[in-house]
$ cat protein28.csv   # CSV, C-alpha atoms and all ligand atoms
chain,number,residue,atom,x,y,z
A,1,MET,CA,215.1,91.7,63.3
A,2,LEU,CA,216.7,88.4,62.1
A,3,LYS,CA,220.0,89.7,63.3
A,4,VAL,CA,218.6,90.6,66.7
A,5,THR,CA,216.9,87.2,67.1
A,6,GLN,CA,220.2,85.4,66.6
A,7,GLN,CA,221.2,86.6,70.1
A,8,PRO,CA,220.3,83.9,72.6
A,9,ASP,CA,219.0,86.4,75.3
A,10,VAL,CA,216.4,87.8,72.8
A,11,ILE,CA,213.0,86.1,72.9
A,12,SER,CA,211.5,86.0,69.5
A,13,PHE,CA,207.7,86.0,68.7
A,14,GLY,CA,208.7,87.3,65.3
A,15,GLY,CA,209.3,84.4,62.9
A,16,GLY,CA,206.8,81.8,61.8
A,17,LEU,CA,209.0,78.9,62.7
A,18,PRO,CA,207.9,75.5,63.9
A,19,ALA,CA,209.3,74.1,67.2
A,20,PRO,CA,212.7,72.6,66.1
A,21,GLU,CA,212.9,70.2,69.1
A,22,LEU,CA,209.8,68.4,67.8
A,23,PHE,CA,211.1,67.8,64.3
A,24,PRO,CA,211.0,64.0,63.6
A,25,THR,CA,214.7,63.8,62.9
A,26,SER,CA,215.2,60.1,63.5
A,27,GLU,CA,212.1,59.2,61.6
A,28,ILE,CA,213.3,61.3,58.6
A,29,ALA,CA,216.7,59.5,58.9
A,30,GLU,CA,214.9,56.1,58.8
A,31,SER,CA,212.7,57.2,55.9
A,32,THR,CA,215.8,58.4,54.0
A,33,ALA,CA,217.5,55.0,54.5
A,34,ARG,CA,214.3,53.2,53.4
A,35,VAL,CA,214.0,55.4,50.3
A,36,MET,CA,217.7,54.7,49.3
A,37,GLU,CA,217.1,51.0,49.7
A,38,ARG,CA,213.7,50.8,48.1
A,39,VAL,CA,213.9,53.4,45.3
A,40,GLY,CA,217.7,53.8,45.0
A,41,PRO,CA,219.1,55.9,42.1
A,42,ALA,CA,215.6,57.0,40.9
A,43,ALA,CA,215.3,59.1,44.0
A,44,LEU,CA,218.4,61.0,43.0
A,45,GLN,CA,217.4,61.3,39.3
A,46,TYR,CA,215.6,64.1,37.5
A,47,SER,CA,211.9,63.6,37.7
A,48,VAL,CA,208.6,64.9,36.3
A,49,THR,CA,207.6,68.5,36.8
A,50,GLU,CA,204.2,67.7,38.3
A,51,GLY,CA,205.7,65.6,41.2
A,52,ILE,CA,206.4,62.0,41.8
A,53,PRO,CA,203.2,59.9,41.4
A,54,GLU,CA,203.3,58.6,45.0
A,55,MET,CA,203.1,62.2,46.3
A,56,ARG,CA,200.3,63.3,44.0
A,57,SER,CA,198.2,60.2,45.0
A,58,TRP,CA,198.9,60.8,48.7
A,59,VAL,CA,197.7,64.4,48.4
A,60,ALA,CA,194.7,63.5,46.4
A,61,GLN,CA,193.7,60.8,48.9
A,62,ARG,CA,194.3,62.9,52.0
A,63,LEU,CA,192.3,65.8,50.7
A,64,SER,CA,189.4,64.0,48.9
A,65,SER,CA,187.3,63.5,52.1
A,66,ARG,CA,187.8,67.2,53.1
A,67,PHE,CA,186.9,68.4,49.6
A,68,ASN,CA,183.8,66.1,49.6
A,69,ARG,CA,184.7,64.7,46.2
A,70,THR,CA,187.3,62.4,44.7
A,71,ILE,CA,190.4,64.4,43.7
A,72,ALA,CA,192.3,62.9,40.8
A,73,PRO,CA,196.1,62.7,41.3
A,74,GLU,CA,196.4,64.5,38.0
A,75,GLU,CA,194.9,67.6,39.6
A,76,VAL,CA,197.9,67.8,42.1
A,77,LEU,CA,201.1,69.6,41.4
A,78,VAL,CA,204.0,69.2,43.9
A,79,VAL,CA,205.8,72.5,44.5
A,80,ASN,CA,208.9,73.7,46.3
A,81,GLY,CA,207.1,75.1,49.3
A,82,SER,CA,203.7,76.8,49.0
A,83,GLN,CA,205.7,80.0,48.6
A,84,GLN,CA,206.7,78.7,45.1
A,85,GLY,CA,203.1,77.9,44.5
A,86,LEU,CA,202.2,81.6,45.2
A,87,ASP,CA,205.0,82.8,42.9
A,88,LEU,CA,203.9,80.5,40.0
A,89,LEU,CA,200.3,81.5,40.4
A,90,GLY,CA,201.5,85.1,40.3
A,91,LYS,CA,203.5,84.4,37.2
A,92,VAL,CA,200.5,82.8,35.4
A,93,PHE,CA,197.7,85.2,36.5
A,94,ILE,CA,199.3,88.6,37.0
A,95,ASP,CA,200.2,91.2,34.4
A,96,PRO,CA,201.7,94.5,35.6
A,97,GLY,CA,199.1,96.7,37.2
A,98,ASP,CA,196.5,93.9,37.6
A,99,HIS,CA,194.4,93.9,40.7
A,100,ILE,CA,194.3,91.1,43.3
A,101,VAL,CA,191.8,90.9,46.1
A,102,LEU,CA,193.2,90.2,49.6
A,103,GLU,CA,192.0,90.0,53.2
A,104,ASN,CA,193.2,93.1,55.1
A,105,PRO,CA,195.6,92.2,56.7
A,106,SER,CA,197.1,89.4,54.7
A,107,TYR,CA,200.2,87.1,54.5
A,108,LEU,CA,203.3,89.2,53.8
A,109,GLY,CA,204.9,86.4,51.8
A,110,ALA,CA,202.0,86.3,49.4
A,111,ILE,CA,202.1,90.1,49.0
A,112,GLN,CA,205.9,89.8,48.3
A,113,ALA,CA,205.2,87.1,45.7
A,114,PHE,CA,202.5,89.1,43.9
A,115,ASP,CA,204.5,92.3,44.2
A,116,ALA,CA,207.2,90.8,42.0
A,117,TYR,CA,204.6,90.7,39.2
A,118,GLU,CA,203.6,94.3,39.9
A,119,ALA,CA,200.2,93.5,41.3
A,120,ARG,CA,197.9,96.1,42.9
A,121,TYR,CA,195.6,95.3,45.8
A,122,LEU,CA,192.0,95.6,46.6
A,123,THR,CA,191.5,94.9,50.3
A,124,VAL,CA,188.4,93.4,51.9
A,125,ASP,CA,187.5,94.1,55.5
A,126,THR,CA,187.7,91.3,58.1
A,127,ASP,CA,186.5,90.7,61.6
A,128,GLU,CA,187.3,88.0,64.2
A,129,HIS,CA,185.6,85.5,61.9
A,130,GLY,CA,187.5,86.4,58.7
A,131,MET,CA,186.6,88.1,55.5
A,132,LEU,CA,183.2,89.9,55.4
A,133,ALA,CA,181.2,88.6,52.5
A,134,ASP,CA,179.3,91.9,52.1
A,135,SER,CA,182.5,93.9,52.0
A,136,LEU,CA,183.8,91.5,49.3
A,137,GLU,CA,180.7,92.0,47.3
A,138,ARG,CA,181.0,95.8,47.6
A,139,VAL,CA,184.7,95.6,46.5
A,140,LEU,CA,183.8,93.5,43.4
A,141,ASP,CA,180.9,95.6,42.5
A,142,ARG,CA,183.1,98.7,42.3
A,143,ALA,CA,186.2,97.0,40.9
A,144,ASP,CA,187.6,98.6,37.7
A,145,PRO,CA,189.7,97.0,36.3
A,146,PHE,CA,188.2,93.7,37.5
A,147,PRO,CA,190.7,91.7,39.7
A,148,LYS,CA,192.4,88.5,38.6
A,149,PHE,CA,191.8,86.5,41.7
A,150,LEU,CA,190.9,86.4,45.4
A,151,TYR,CA,193.6,85.2,47.8
A,152,LEU,CA,192.8,84.1,51.3
A,153,ILE,CA,193.9,81.9,54.2
A,154,PRO,CA,190.8,80.2,55.7
A,155,ASN,CA,192.3,78.6,58.8
A,156,PHE,CA,194.3,80.3,61.6
A,157,GLN,CA,195.3,83.0,59.2
A,158,ASN,CA,198.7,84.5,59.0
A,159,PRO,CA,199.0,87.1,60.6
A,160,THR,CA,195.8,87.2,62.7
A,161,GLY,CA,195.2,83.6,63.7
A,162,ARG,CA,191.6,84.0,62.6
A,163,THR,CA,189.5,81.3,61.0
A,164,LEU,CA,186.9,82.1,58.3
A,165,ALA,CA,183.4,81.1,59.6
A,166,ALA,CA,181.8,78.1,57.9
A,167,GLN,CA,178.8,80.0,56.6
A,168,ARG,CA,181.0,82.7,55.0
A,169,ARG,CA,183.1,80.1,53.2
A,170,GLU,CA,180.1,79.1,51.1
A,171,GLN,CA,178.9,82.7,50.7
A,172,ILE,CA,182.3,83.8,49.4
A,173,VAL,CA,182.5,80.9,46.9
A,174,ARG,CA,179.1,81.8,45.6
A,175,ILE,CA,179.9,85.5,45.2
A,176,CYS,CA,183.1,84.6,43.4
A,177,GLU,CA,181.3,82.2,41.1
A,178,ARG,CA,178.8,84.9,40.3
A,179,TYR,CA,181.6,87.3,39.3
A,180,ASP,CA,183.7,84.5,37.7
A,181,LEU,CA,186.6,85.3,40.0
A,182,PRO,CA,189.1,82.5,40.8
A,183,ILE,CA,189.9,81.9,44.4
A,184,ILE,CA,193.4,80.9,45.8
A,185,GLU,CA,192.8,79.1,49.1
A,186,ASP,CA,196.1,79.0,51.0
A,187,ASP,CA,195.8,76.5,53.8
A,188,PRO,CA,199.1,75.7,55.6
A,189,TYR,CA,197.7,75.6,59.1
A,190,VAL,CA,194.6,73.3,58.6
A,191,GLU,CA,196.1,70.4,60.5
A,192,LEU,CA,197.1,72.5,63.5
A,193,ARG,CA,193.6,72.8,65.1
A,194,PHE,CA,193.6,72.8,68.9
A,195,GLU,CA,189.9,72.7,69.5
A,196,GLY,CA,186.5,73.2,67.7
A,197,ASP,CA,185.2,71.6,64.6
A,198,VAL,CA,187.2,71.1,61.4
A,199,LEU,CA,185.6,73.3,58.8
A,200,ALA,CA,185.2,72.4,55.2
A,201,PRO,CA,187.5,74.2,52.8
A,202,LEU,CA,186.2,76.7,50.3
A,203,SER,CA,187.3,74.1,47.7
A,204,SER,CA,184.5,71.8,48.9
A,205,TYR,CA,181.9,74.4,48.0
A,206,ALA,CA,183.2,75.1,44.5
A,207,LYS,CA,181.0,73.9,41.7
A,208,ARG,CA,183.1,74.7,38.7
A,209,GLY,CA,186.6,74.2,39.9
A,210,GLY,CA,187.0,77.9,40.6
A,211,VAL,CA,189.2,77.4,43.7
A,212,ILE,CA,192.9,76.6,43.6
A,213,TYR,CA,194.1,75.0,46.8
A,214,LEU,CA,197.6,75.2,48.4
A,215,GLY,CA,198.8,72.9,51.1
A,216,THR,CA,202.2,72.3,52.6
A,217,GLY,CA,204.3,69.9,54.6
A,218,SER,CA,206.2,72.8,56.2
A,219,LYS,CA,204.0,73.0,59.3
A,220,VAL,CA,203.3,69.3,59.8
A,221,VAL,CA,206.7,67.8,59.1
A,222,ALA,CA,209.5,70.4,58.4
A,223,PRO,CA,209.8,73.5,56.2
A,224,GLY,CA,213.4,72.5,55.3
A,225,LEU,CA,212.0,69.7,53.1
A,226,ARG,CA,210.2,72.3,50.9
A,227,VAL,CA,207.5,69.9,50.0
A,228,ALA,CA,204.1,71.5,49.3
A,229,TRP,CA,201.2,71.0,46.8
A,230,LEU,CA,198.7,72.7,44.7
A,231,VAL,CA,195.3,71.3,43.7
A,232,ILE,CA,194.3,72.9,40.4
A,233,PRO,CA,191.0,71.4,39.1
A,234,ASP,CA,191.0,73.4,35.9
A,235,GLU,CA,193.2,71.6,33.3
A,236,GLU,CA,194.1,74.7,31.3
A,237,THR,CA,195.3,76.6,34.3
A,238,ARG,CA,197.2,73.5,35.6
A,239,GLU,CA,199.1,73.2,32.3
A,240,LYS,CA,200.1,76.9,32.5
A,241,VAL,CA,201.4,76.5,36.1
A,242,VAL,CA,203.3,73.3,35.1
A,243,LEU,CA,205.0,75.3,32.3
A,244,ALA,CA,205.8,78.1,34.7
A,245,LYS,CA,207.4,75.6,37.1
A,246,GLN,CA,209.3,73.9,34.3
A,247,GLY,CA,210.9,77.3,33.6
A,248,ALA,CA,211.6,77.9,37.2
A,249,ASP,CA,213.2,74.7,38.5
A,250,LEU,CA,212.2,71.7,36.2
A,251,HIS,CA,210.8,69.9,39.3
A,252,SER,CA,210.8,69.8,43.1
A,253,GLY,CA,213.6,67.7,44.8
A,254,THR,CA,213.0,64.1,44.0
A,255,ILE,CA,214.5,62.6,47.1
A,256,THR,CA,212.7,65.0,49.4
A,257,GLN,CA,209.4,64.0,47.8
A,258,TYR,CA,210.1,60.3,48.3
A,259,VAL,CA,211.3,60.9,51.9
A,260,PHE,CA,208.2,63.1,52.7
A,261,HIS,CA,205.9,60.5,51.2
A,262,ASP,CA,207.6,57.6,53.0
A,263,TYR,CA,207.3,59.3,56.4
A,264,ALA,CA,203.8,60.6,55.8
A,265,SER,CA,202.7,57.1,55.1
A,266,THR,CA,203.7,55.8,58.5
A,267,PRO,CA,201.6,55.9,61.7
A,268,ALA,CA,204.4,58.1,63.3
A,269,PHE,CA,203.2,61.0,61.1
A,270,GLU,CA,199.7,61.2,62.5
A,271,GLU,CA,201.2,60.8,66.0
A,272,HIS,CA,203.6,63.6,65.3
A,273,ILE,CA,200.8,65.9,64.3
A,274,ARG,CA,199.0,65.1,67.5
A,275,GLN,CA,202.2,66.0,69.4
A,276,ILE,CA,202.7,69.3,67.8
A,277,VAL,CA,199.1,70.2,68.2
A,278,HIS,CA,199.4,69.4,71.9
A,279,THR,CA,202.5,71.5,72.4
A,280,TYR,CA,201.3,74.5,70.4
A,281,ARG,CA,198.0,74.5,72.2
A,282,ARG,CA,199.8,74.7,75.5
A,283,ARG,CA,202.0,77.5,74.2
A,284,ARG,CA,199.0,79.4,72.9
A,285,ASP,CA,197.4,79.1,76.3
A,286,VAL,CA,200.6,80.3,78.1
A,287,MET,CA,200.9,83.3,75.7
A,288,HIS,CA,197.2,84.2,76.1
A,289,ASP,CA,197.2,83.8,79.9
A,290,ALA,CA,200.4,85.8,80.2
A,291,LEU,CA,198.9,88.6,78.1
A,292,ARG,CA,195.9,88.6,80.3
A,293,GLU,CA,198.1,88.8,83.4
A,294,TYR,CA,200.7,91.3,82.3
A,295,ALA,CA,199.5,93.4,79.4
A,296,PRO,CA,198.1,96.9,80.0
A,297,ALA,CA,194.3,97.0,79.9
A,298,SER,CA,194.3,98.8,76.5
A,299,VAL,CA,195.9,95.9,74.7
A,300,GLU,CA,193.4,93.7,72.7
A,301,PHE,CA,194.3,90.2,71.7
A,302,ASN,CA,192.6,87.0,70.5
A,303,ARG,CA,192.8,83.3,71.3
A,304,PRO,CA,193.1,81.5,68.0
A,305,GLN,CA,191.8,77.9,67.8
A,306,GLY,CA,194.9,76.7,66.1
A,307,GLY,CA,197.9,77.6,64.0
A,308,MET,CA,201.0,79.5,65.1
A,309,PHE,CA,200.0,83.1,65.6
A,310,LEU,CA,198.1,85.3,68.0
A,311,TRP,CA,197.2,88.8,67.0
A,312,ALA,CA,197.3,91.8,69.3
A,313,ARG,CA,196.3,95.4,68.9
A,314,VAL,CA,197.5,98.4,71.0
A,315,PRO,CA,195.1,101.1,69.9
A,316,GLY,CA,196.9,104.5,69.5
A,317,LEU,CA,200.4,103.0,69.4
A,318,ASP,CA,202.6,102.6,66.4
A,319,THR,CA,204.0,99.0,66.8
A,320,THR,CA,206.9,99.7,64.4
A,321,GLN,CA,208.1,102.3,67.0
A,322,LEU,CA,207.2,99.9,69.8
A,323,LEU,CA,209.5,97.2,68.3
A,324,ARG,CA,212.5,99.6,68.9
A,325,VAL,CA,211.7,99.7,72.6
A,326,CYS,CA,211.1,95.9,72.6
A,327,THR,CA,214.5,95.2,71.0
A,328,ARG,CA,216.1,97.0,74.0
A,329,GLU,CA,213.9,94.8,76.3
A,330,ARG,CA,215.2,91.7,74.4
A,331,VAL,CA,211.8,90.6,72.9
A,332,VAL,CA,210.7,90.9,69.2
A,333,PHE,CA,207.5,90.5,67.2
A,334,VAL,CA,206.4,91.5,63.7
A,335,PRO,CA,204.7,94.9,63.5
A,336,GLY,CA,201.3,94.7,61.9
A,337,GLU,CA,202.0,97.4,59.4
A,338,SER,CA,203.7,95.1,57.0
A,339,PHE,CA,200.6,92.9,56.6
A,340,TYR,CA,198.5,95.7,55.3
A,341,PRO,CA,199.2,96.3,51.6
A,342,ALA,CA,198.4,100.0,52.0
A,343,ARG,CA,200.6,100.1,55.2
A,344,ASP,CA,197.9,102.3,56.8
A,345,VAL,CA,197.2,100.4,60.0
A,346,ARG,CA,200.0,100.6,62.5
A,347,ASP,CA,198.6,99.3,65.8
A,348,GLY,CA,198.7,95.5,65.3
A,349,MET,CA,201.3,92.9,66.1
A,350,ARG,CA,201.8,89.3,65.1
A,351,LEU,CA,203.0,87.1,68.0
A,352,ASN,CA,204.3,83.7,67.1
A,353,PHE,CA,203.8,81.1,69.9
A,354,SER,CA,205.1,77.9,68.3
A,355,ASN,CA,208.8,78.5,68.4
A,356,ALA,CA,209.6,79.4,72.1
A,357,SER,CA,209.3,77.3,75.3
A,358,GLU,CA,206.5,78.0,77.7
A,359,GLU,CA,208.9,79.6,80.1
A,360,ARG,CA,210.4,81.9,77.5
A,361,ILE,CA,206.9,82.8,76.3
A,362,ARG,CA,205.9,84.0,79.8
A,363,THR,CA,209.1,86.0,80.2
A,364,GLY,CA,208.8,87.4,76.7
A,365,ILE,CA,205.2,88.6,77.3
A,366,GLN,CA,206.4,90.2,80.6
A,367,ARG,CA,209.0,92.1,78.7
A,368,LEU,CA,206.6,93.0,75.9
A,369,ALA,CA,204.1,94.3,78.5
A,370,LYS,CA,206.8,96.4,80.1
A,371,ALA,CA,207.7,97.9,76.8
A,372,ILE,CA,204.1,98.7,75.9
A,373,ALA,CA,203.6,100.4,79.3
A,374,GLU,CA,206.8,102.5,78.7
A,375,ALA,CA,205.7,103.4,75.2
B,1,LIG,C1,199.8,81.7,54.7
B,1,LIG,C2,201.1,81.1,54.3
B,1,LIG,N1,201.3,80.7,53.1
B,1,LIG,C3,202.4,80.1,52.7
B,1,LIG,C4,203.5,80.0,53.5
B,1,LIG,C5,204.8,79.4,53.0
B,1,LIG,O1,204.9,78.1,53.4
B,1,LIG,P1,205.9,77.1,52.7
B,1,LIG,O2,206.9,76.8,53.7
B,1,LIG,O3,205.1,75.9,52.3
B,1,LIG,O4,206.6,77.8,51.5
B,1,LIG,C6,203.4,80.4,54.9
B,1,LIG,C7,204.5,80.3,55.8
B,1,LIG,O5,204.5,80.8,56.8
B,1,LIG,C8,202.1,81.0,55.3
B,1,LIG,O6,201.9,81.4,56.5

$ encode --input "protein28.csv" --output "structure tokens"
Amino acid sequence: MLKVTQQPDVISFGGGLPAPELFPTSEIAESTARVMERVGPAALQYSVTEGIPEMRSWVAQRLSSRFNRTIAPEEVLVVNGSQQGLDLLGKVFIDPGDHIVLENPSYLGAIQAFDAYEARYLTVDTDEHGMLADSLERVLDRADPFPKFLYLIPNFQNPTGRTLAAQRREQIVRICERYDLPIIEDDPYVELRFEGDVLAPLSSYAKRGGVIYLGTGSKVVAPGLRVAWLVIPDEETREKVVLAKQGADLHSGTITQYVFHDYASTPAFEEHIRQIVHTYRRRRDVMHDALREYAPASVEFNRPQGGMFLWARVPGLDTTQLLRVCTRERVVFVPGESFYPARDVRDGMRLNFSNASEERIRTGIQRLAKAIAEA
């Protein structure tokens, strides 16, 4: 698919890429110059595994009000993209054959990270408001062996764009506390909310530090910086993850942490988030309206309140087969099958709306609708 999307006449709803024309290139250049002047050689030197103190404090401060408690900078570990966070957590928690609990469907990159440690998956049913608490309870009741952790994405989930309802967040935390099951809360899209109330993270309900939180600069600044963070309240777990990171890469890039921190401390950062939210909201609307206008009546699709993805279903159609027809029509998406660990549901598709212009989104949806009608 990546090869196909390199061709300029192909419209891609496939990747999970931010809009490159909105990247704050001149601001990052200014921040880099300031860092070189202010920090100098220390920004180019080896540094501590946990991350530079400025970044850890920035994360602790930004998240404290959302978590409804004061986060200590020591709880924060800077990582090389949240993808590295997932890999390190896999390394620390998973022995071959261990079970992990996931939403069904779930993020492909997490499944890949956990696959490397030979995990097996217990899947929990979801609806338009995310994971179903009673389904989770049933899964945990029956689980043998007992799983190592629950992994979920609470806001504008990848791939479905769904958001876990507020009431379910607390329920899920309480259930996991009862079973003593750690939760990994992966929250890359929280800042990309187009409308509706910001919901408290699962971390804010946790009484005993049972939730490990992942955040990232990839969606709010640029994925190329690879600056992301973990909040790990439990000291013992944190030390293990730090050791795992030491073995992997010693530490995340020093200069990128300084540059990210410098930029994120300016008013331009908040303005930038407002701008991407504005642009993505319009693109979501264009995609949704185009689907309503052009897609055959059998196609079901949602209207996520944020993030970068819309989820569509074509009951009775295998979307992996559909992709072949779509490639001929010069439009691509990610077939739903890959997001189900058992690969047993084949009628879904993930449609990314952040990376294409409004005009290309409309044209792409027209092509997609034609391919569905043909198939
Ligand atoms: C749910 C989820 N987790 C993690 C990542 C990886 O993000 P990062 O760029 O921080 O590695 C993504 C990227 O698309 C994602 O959707």

$ residues_near_ligand --input "protein28.csv" --ligand "ligand LIG 1 (chain B)" --cutoff "9 Å" --atoms "all atoms listed in the file" --output "ChimeraX atom specification"
/A:15-17,79-86,106-110,152-153,156-159,186-189,214-219,222-229,308

$ atom_distance --input "protein28.csv" --atom1 "CA of Leu351 (chain A)" --atom2 "CA of Gly307 (chain A)"
11.5 Å

$ closest_residue --input "protein28.csv" --among "A:Ile111, A:Leu22, A:Val190, A:Ala166" --to "Ile276 (chain A)" --atoms "all atoms listed in the file"
A:Leu22

$ residues_around --input "protein28.csv" --residues "Leu164 (chain A)" --least-positions-apart "6" --cutoff "6 Å" --atoms "all atoms listed in the file" --output "JSON list (two decimals) with C-alpha atoms, in the coordinates of the input"
[["chain", "number", "residue", "atom", "x", "y", "z"],
["A", 129, "HIS", "CA", 185.60, 85.50, 61.90],
["A", 130, "GLY", "CA", 187.50, 86.40, 58.70],
["A", 154, "PRO", "CA", 190.80, 80.20, 55.70]]

$ atom_distance --input "protein28.csv" --atom1 "CA of Ala143 (chain A)" --atom2 "CA of Asp344 (chain A)"
20.4 Å

$ atom_distance --input "protein28.csv" --atom1 "CA of Thr266 (chain A)" --atom2 "CA of Arg282 (chain A)"
25.7 Å

$ residues_around --input "protein28.csv" --residues "Arg120 (chain A)" --least-positions-apart "6" --cutoff "9 Å" --atoms "only C-alpha atoms" --output "PyMOL selection string"
chain A and resi 96-101+114+341

$ residues_around --input "protein28.csv" --residues "Ala375 (chain A)" --least-positions-apart "3" --cutoff "12 Å" --atoms "only C-alpha atoms" --output "MDAnalysis selection string"
chainID A and resid 296 314 316:326 329 368:372

$ residues_near_point --input "protein28.csv" --point "(197.5, 62.0, 43.8)" --cutoff "12 Å" --atoms "only C-alpha atoms" --output "ChimeraX atom specification"
/A:50-64,70-78,229-232,261

$ closest_residue --input "protein28.csv" --among "A:Gly348, A:Pro145, A:Pro105, A:Gly40" --to "Thr123 (chain A)" --atoms "only C-alpha atoms"
A:Pro105
